[in-house]
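Structure first, commentary second.
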Amino acid sequence: MKLGRNDPCHCGSGKKFKRCCMSSVSKQHAQVFDDVETMLAMNPNLSLDELNTALQHKVQERNHQPHPDFCGLTPTQMANWLYAPFDELKWVTICTPDSLSASPIMRYLALILDEAMAQEGSFKATSKGNLPAKLVKQASELLPEFAVAQFERSISISEFSGSNEDKFNALHYTRVLAEISGIIYRRSGRYHVKKSAQKQYQVLGIQAFFKPMLEAAISKYNWGYLDGFEFDADLRTFWLFMLWRIQSHSSVDLLVEEVKVAFPDLLQGFPADDYFSPERNLSILIESRFIERFLQFWGFVTLDPRSFLNTESVGRTVQVLPLLKQTFQFTINT
């Protein structure tokens with residue numbers, strides 16, 4: 001009694017087995033079928049309904065057991081983290097911190113909103129449709145206040161400063177998220193703050209937009225937007241699993257290994273070439289898209305950009321910042 005590649009996955013995600021848990025949970029499901037075969041051998045007169053009932057019971061039982069490939073999560077827990085909407089996630093509480101001063105993204109958003117509010121709700125964009133030079137300069141001047149300032153880098157290659165928006169990735173990312181979130185919009189050469197957003201900002205401050213911006217970053221924003229990698233993998237699906245793991249141990253190298261074990265099909269999306277293995281390509285994407293241009297942009301972690309120290313390769317570890325634990329409280333017991 002075999003589960004087909006195109007059959008609905010038993011984890012309840014609604015996806016086909018081959019697109020869901022086939023690689024990681026197939027062993028577990030095989031054990032279920034072994035149990036059923038044993039049951040049939042001992043009870044050959046079972047009806048089909050009785051057999052289906054027994055199978056469902058076995059599957060539910062297995063889905064609620066911790067799985068080693070998932071670092072101790074059960075398939076049920078993993079299915080929720082992979083496929084549930086932002087406001088239906090379980091085993092994690094997502095909070096809005098009392099202070100967002102350490103978050104580059106939220107500080108930049110406040111600058112954008114303040115500029116518009118000072119001009120009756122809108123301000124002029126550049127001829128290219130970017131944020132004005134005055135605002136870019138104000139945002140660049142905030143860098144010394146952020147944890148990433150400890151890593152000295154030329155302003156020309158910094159993600160957190162630039163002479164214009166095109167050269168200032170974190171600011172550009174913020175503006176894009178604000179548009180995706182419906183906080184601002186561009187019309188007739190000006191950036192406008194929606195009336196409803198103006199009222200929220202006046203009453204609740206920048207905290208009103210933390211969760212909408214975070215949800216947009218996770219579910220609506222294209223994580224590959226700011227890079228030019230020829231290969232691709234949508235890491236957004238696994239964001240909460242990765243965040244849980246990096247908060248637990250801070251090791252980028254260990255995180256990559258855990259993702260490889262939990263989601264081995266990811267490696268099939270990368271070509272094997274003379275320069276980088278699929279594993280190395282996956283590591284590059286996780287570090288660039290998840291660590292640097294998600295967690296670091298938000299002020300959740302810092303990552304030392306140095307890969308070598310005194311010609312020796314160093315293990316890649318992040319410094320988990322207070323804002324991460326203030327935002328995400330996990331209730332997973334493993």
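Residue numbers start at 1 in each chain; chains themselves are named A, B, ... in the order of the structure tokens; ligands are numbered from 1 in the order shown.
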
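Around A:Ile183, within 7 Å and counting only C-alpha atoms, the residues found are Ala178, Glu179, Val193, Lys194 and Ala197 of chain A, once anything fewer than 4 positions away on its own chain is removed.
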
Write the residues of the preceding selection, restricted to N, CA, C and O atoms, as an mmCIF file, in the first residue's frame.
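Dumped everything to again.cif:
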data_model
loop_
_atom_site.group_PDB
_atom_site.id
_atom_site.type_symbol
_atom_site.label_atom_id
_atom_site.label_comp_id
_atom_site.auth_asym_id
_atom_site.auth_seq_id
_atom_site.Cartn_x
_atom_site.Cartn_y
_atom_site.Cartn_z
ATOM 1 N N ALA A 178 6.789 49.429 2.359
ATOM 2 C CA ALA A 178 5.740 50.388 2.729
ATOM 3 C C ALA A 178 4.681 50.483 1.638
ATOM 4 O O ALA A 178 3.480 50.623 1.928
ATOM 5 N N GLU A 179 5.104 50.369 0.380
ATOM 6 C CA GLU A 179 4.133 50.367 -0.713
ATOM 7 C C GLU A 179 3.346 49.064 -0.741
ATOM 8 O O GLU A 179 2.117 49.080 -0.898
ATOM 9 N N VAL A 193 1.056 59.342 1.905
ATOM 10 C CA VAL A 193 0.722 58.424 2.992
ATOM 11 C C VAL A 193 -0.793 58.321 3.033
ATOM 12 O O VAL A 193 -1.494 59.341 3.053
ATOM 13 N N LYS A 194 -1.300 57.101 3.012
ATOM 14 C CA LYS A 194 -2.749 56.915 3.030
ATOM 15 C C LYS A 194 -3.365 57.595 4.250
ATOM 16 O O LYS A 194 -2.762 57.639 5.324
ATOM 17 N N ALA A 197 -3.466 55.496 7.261
ATOM 18 C CA ALA A 197 -2.140 55.330 7.858
ATOM 19 C C ALA A 197 -1.718 56.577 8.625
ATOM 20 O O ALA A 197 -1.064 56.488 9.668
#

Extract, using only C-alpha atoms, all DNA, RNA and protein residues at most 10 Å from A:Lys220, discarding same-chain residues fewer than 5 positions from it, and format them as a VMD selection string.
chain A and resid 177 180 to 181 213 to 215 236

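When atom CA of A:Leu171 is paired with atom CA of A:Phe297, their separation reads 9.2 Å.
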
Considering only C-alpha atoms, return as a compact mmCIF listing (two decimals) with N, CA, C and O atoms, in the first residue's frame whatever protein or nucleic-acid residues lie within 10 Å of A:Ala149, sequence-local ones (same chain, fewer than 4 positions apart) excluded.
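Saved result, part_27.txt, follows:
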# COMPACT_ATOMS: atom_id res chain seq x y z
N LEU A 142 21.66 57.88 10.22
CA LEU A 142 21.21 57.03 11.33
C LEU A 142 22.15 55.85 11.57
O LEU A 142 22.09 55.22 12.63
N LEU A 143 23.01 55.53 10.60
CA LEU A 143 23.83 54.32 10.68
C LEU A 143 24.56 54.15 12.01
O LEU A 143 24.56 53.05 12.58
N PRO A 144 25.22 55.19 12.56
CA PRO A 144 25.95 54.99 13.82
C PRO A 144 25.08 54.50 14.98
O PRO A 144 25.60 53.98 15.96
N GLU A 145 23.76 54.65 14.86
CA GLU A 145 22.86 54.24 15.94
C GLU A 145 22.50 52.75 15.87
O GLU A 145 21.88 52.23 16.80
N ARG A 153 32.66 49.61 6.92
CA ARG A 153 32.61 49.34 5.50
C ARG A 153 32.51 50.67 4.75
O ARG A 153 31.97 51.64 5.25
N SER A 158 27.90 49.87 1.51
CA SER A 158 27.09 49.63 2.70
C SER A 158 25.63 49.46 2.32
O SER A 158 25.11 50.17 1.46
N PHE A 160 23.39 50.09 4.43
CA PHE A 160 22.69 50.98 5.35
C PHE A 160 23.04 52.45 5.15
O PHE A 160 22.83 53.26 6.06
N THR A 302 23.05 40.67 13.86
CA THR A 302 24.16 41.21 13.06
C THR A 302 25.02 40.03 12.63
O THR A 302 25.12 39.02 13.34

Can you list, as number ranges by chain, every residue of stretch 89-287 of chain A that DSSP puts in alpha helix (DSSP H)?
A: 104-117, 133-140, 169-180, 195-204, 210-219, 239-249, 252-262, 278-285

So that I can see what lies close to A:Ser140, please list as JSON, numbers by chain the residues with an atom at most 10 Å from it, counting only C-alpha atoms and leaving out residues fewer than 4 positions away in the same chain.
{"A": [108, 135, 136, 144, 155, 158, 159, 160, 161, 162, 163, 164, 168, 171]}

Using all heavy atoms, can you write the selected residues to a file as a CSV table (one decimal), in the first residue's frame?
chain,number,residue,atom,x,y,z
A,108,TYR,N,13.7,54.0,9.2
A,108,TYR,CA,13.6,54.6,7.9
A,108,TYR,C,12.1,54.9,7.5
A,108,TYR,O,11.8,55.9,6.9
A,108,TYR,CB,14.1,53.6,6.8
A,108,TYR,CG,15.6,53.3,7.0
A,108,TYR,CD1,16.1,52.1,6.5
A,108,TYR,CD2,16.5,54.2,7.6
A,108,TYR,CE1,17.5,51.8,6.6
A,108,TYR,CE2,17.8,53.9,7.7
A,108,TYR,CZ,18.3,52.7,7.3
A,108,TYR,OH,19.6,52.3,7.4
A,135,LEU,N,15.9,63.0,2.3
A,135,LEU,CA,15.5,61.9,3.1
A,135,LEU,C,16.6,60.8,3.1
A,135,LEU,O,16.9,60.2,4.1
A,135,LEU,CB,14.2,61.4,2.6
A,135,LEU,CG,13.4,60.5,3.5
A,135,LEU,CD1,11.9,60.6,3.2
A,135,LEU,CD2,13.8,59.1,3.5
A,136,VAL,N,17.2,60.6,2.0
A,136,VAL,CA,18.3,59.6,1.9
A,136,VAL,C,19.4,60.0,2.8
A,136,VAL,O,20.0,59.2,3.5
A,136,VAL,CB,18.8,59.5,0.4
A,136,VAL,CG1,20.0,58.6,0.4
A,136,VAL,CG2,17.7,58.9,-0.5
A,144,PRO,N,25.2,55.2,12.6
A,144,PRO,CA,25.9,55.0,13.8
A,144,PRO,C,25.1,54.5,15.0
A,144,PRO,O,25.6,54.0,16.0
A,144,PRO,CB,26.5,56.4,14.1
A,144,PRO,CG,26.6,57.1,12.8
A,144,PRO,CD,25.4,56.6,12.0
A,155,ILE,N,31.1,53.5,2.5
A,155,ILE,CA,29.8,53.9,2.3
A,155,ILE,C,29.2,53.5,0.9
A,155,ILE,O,28.1,53.2,0.7
A,155,ILE,CB,29.6,55.4,2.4
A,155,ILE,CG1,28.1,55.8,2.5
A,155,ILE,CG2,30.3,56.2,1.3
A,155,ILE,CD1,27.9,57.3,2.8
A,158,SER,N,27.9,49.9,1.5
A,158,SER,CA,27.1,49.6,2.7
A,158,SER,C,25.6,49.5,2.3
A,158,SER,O,25.1,50.2,1.5
A,158,SER,CB,27.2,50.8,3.7
A,158,SER,OG,26.3,50.6,4.8
A,159,GLU,N,25.0,48.5,3.0
A,159,GLU,CA,23.5,48.3,2.7
A,159,GLU,C,22.7,49.4,3.5
A,159,GLU,O,21.6,49.6,3.2
A,159,GLU,CB,23.1,46.9,3.3
A,159,GLU,CG,23.8,45.7,2.7
A,159,GLU,CD,23.1,45.2,1.4
A,159,GLU,OE1,22.4,46.0,0.7
A,159,GLU,OE2,23.2,44.0,1.2
A,160,PHE,N,23.4,50.1,4.4
A,160,PHE,CA,22.7,51.0,5.3
A,160,PHE,C,23.0,52.5,5.2
A,160,PHE,O,22.8,53.3,6.1
A,160,PHE,CB,23.0,50.6,6.8
A,160,PHE,CG,22.5,49.1,7.1
A,160,PHE,CD1,23.4,48.1,6.9
A,160,PHE,CD2,21.2,48.9,7.5
A,160,PHE,CE1,22.9,46.8,7.2
A,160,PHE,CE2,20.8,47.6,7.8
A,160,PHE,CZ,21.6,46.6,7.6
A,161,SER,N,23.6,52.8,4.0
A,161,SER,CA,23.8,54.2,3.7
A,161,SER,C,24.0,54.3,2.2
A,161,SER,O,24.3,53.3,1.5
A,161,SER,CB,25.0,54.7,4.4
A,161,SER,OG,26.2,54.0,4.1
A,162,GLY,N,24.0,55.5,1.7
A,162,GLY,CA,24.2,55.7,0.2
A,162,GLY,C,23.9,57.1,-0.2
A,162,GLY,O,23.2,57.9,0.5
A,163,SER,N,24.3,57.5,-1.4
A,163,SER,CA,24.1,58.9,-1.8
A,163,SER,C,22.8,59.0,-2.5
A,163,SER,O,22.3,60.1,-2.6
A,163,SER,CB,25.2,59.2,-2.9
A,163,SER,OG,25.2,58.3,-3.9
A,164,ASN,N,22.1,57.9,-2.9
A,164,ASN,CA,20.8,58.0,-3.3
A,164,ASN,C,20.1,56.6,-3.1
A,164,ASN,O,20.8,55.7,-2.6
A,164,ASN,CB,20.7,58.3,-4.8
A,164,ASN,CG,21.5,57.3,-5.7
A,164,ASN,OD1,21.3,56.1,-5.7
A,164,ASN,ND2,22.5,57.8,-6.4
A,168,PHE,N,21.3,52.4,-1.8
A,168,PHE,CA,21.0,52.3,-0.4
A,168,PHE,C,19.9,51.2,-0.2
A,168,PHE,O,18.7,51.5,-0.1
A,168,PHE,CB,20.5,53.6,0.1
A,168,PHE,CG,20.4,53.8,1.6
A,168,PHE,CD1,20.3,55.1,2.1
A,168,PHE,CD2,20.3,52.8,2.5
A,168,PHE,CE1,20.2,55.3,3.5
A,168,PHE,CE2,20.2,53.0,3.9
A,168,PHE,CZ,20.1,54.2,4.4
A,171,LEU,N,17.2,51.1,2.7
A,171,LEU,CA,16.2,52.2,2.5
A,171,LEU,C,15.2,51.8,1.4
A,171,LEU,O,14.0,52.0,1.5
A,171,LEU,CB,16.8,53.5,2.3
A,171,LEU,CG,15.9,54.7,2.1
A,171,LEU,CD1,15.0,54.9,3.4
A,171,LEU,CD2,16.7,56.0,1.8

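Distance annotation: of A:Val259, A:Phe70, A:Pro75, A:Leu113, the residue with the minimal separation from A:Lys199 is A:Leu113; atom set is only C-alpha atoms.
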
Residue contacts of A:Gln65 (8 Å, only C-alpha atoms) excluding same-chain residues fewer than 3 positions away, as a ChimeraX atom specification
/A:61-62,73-75

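The space separating atom CA of A:Arg186 from atom CA of A:Leu111 comes to 16.4 Å.
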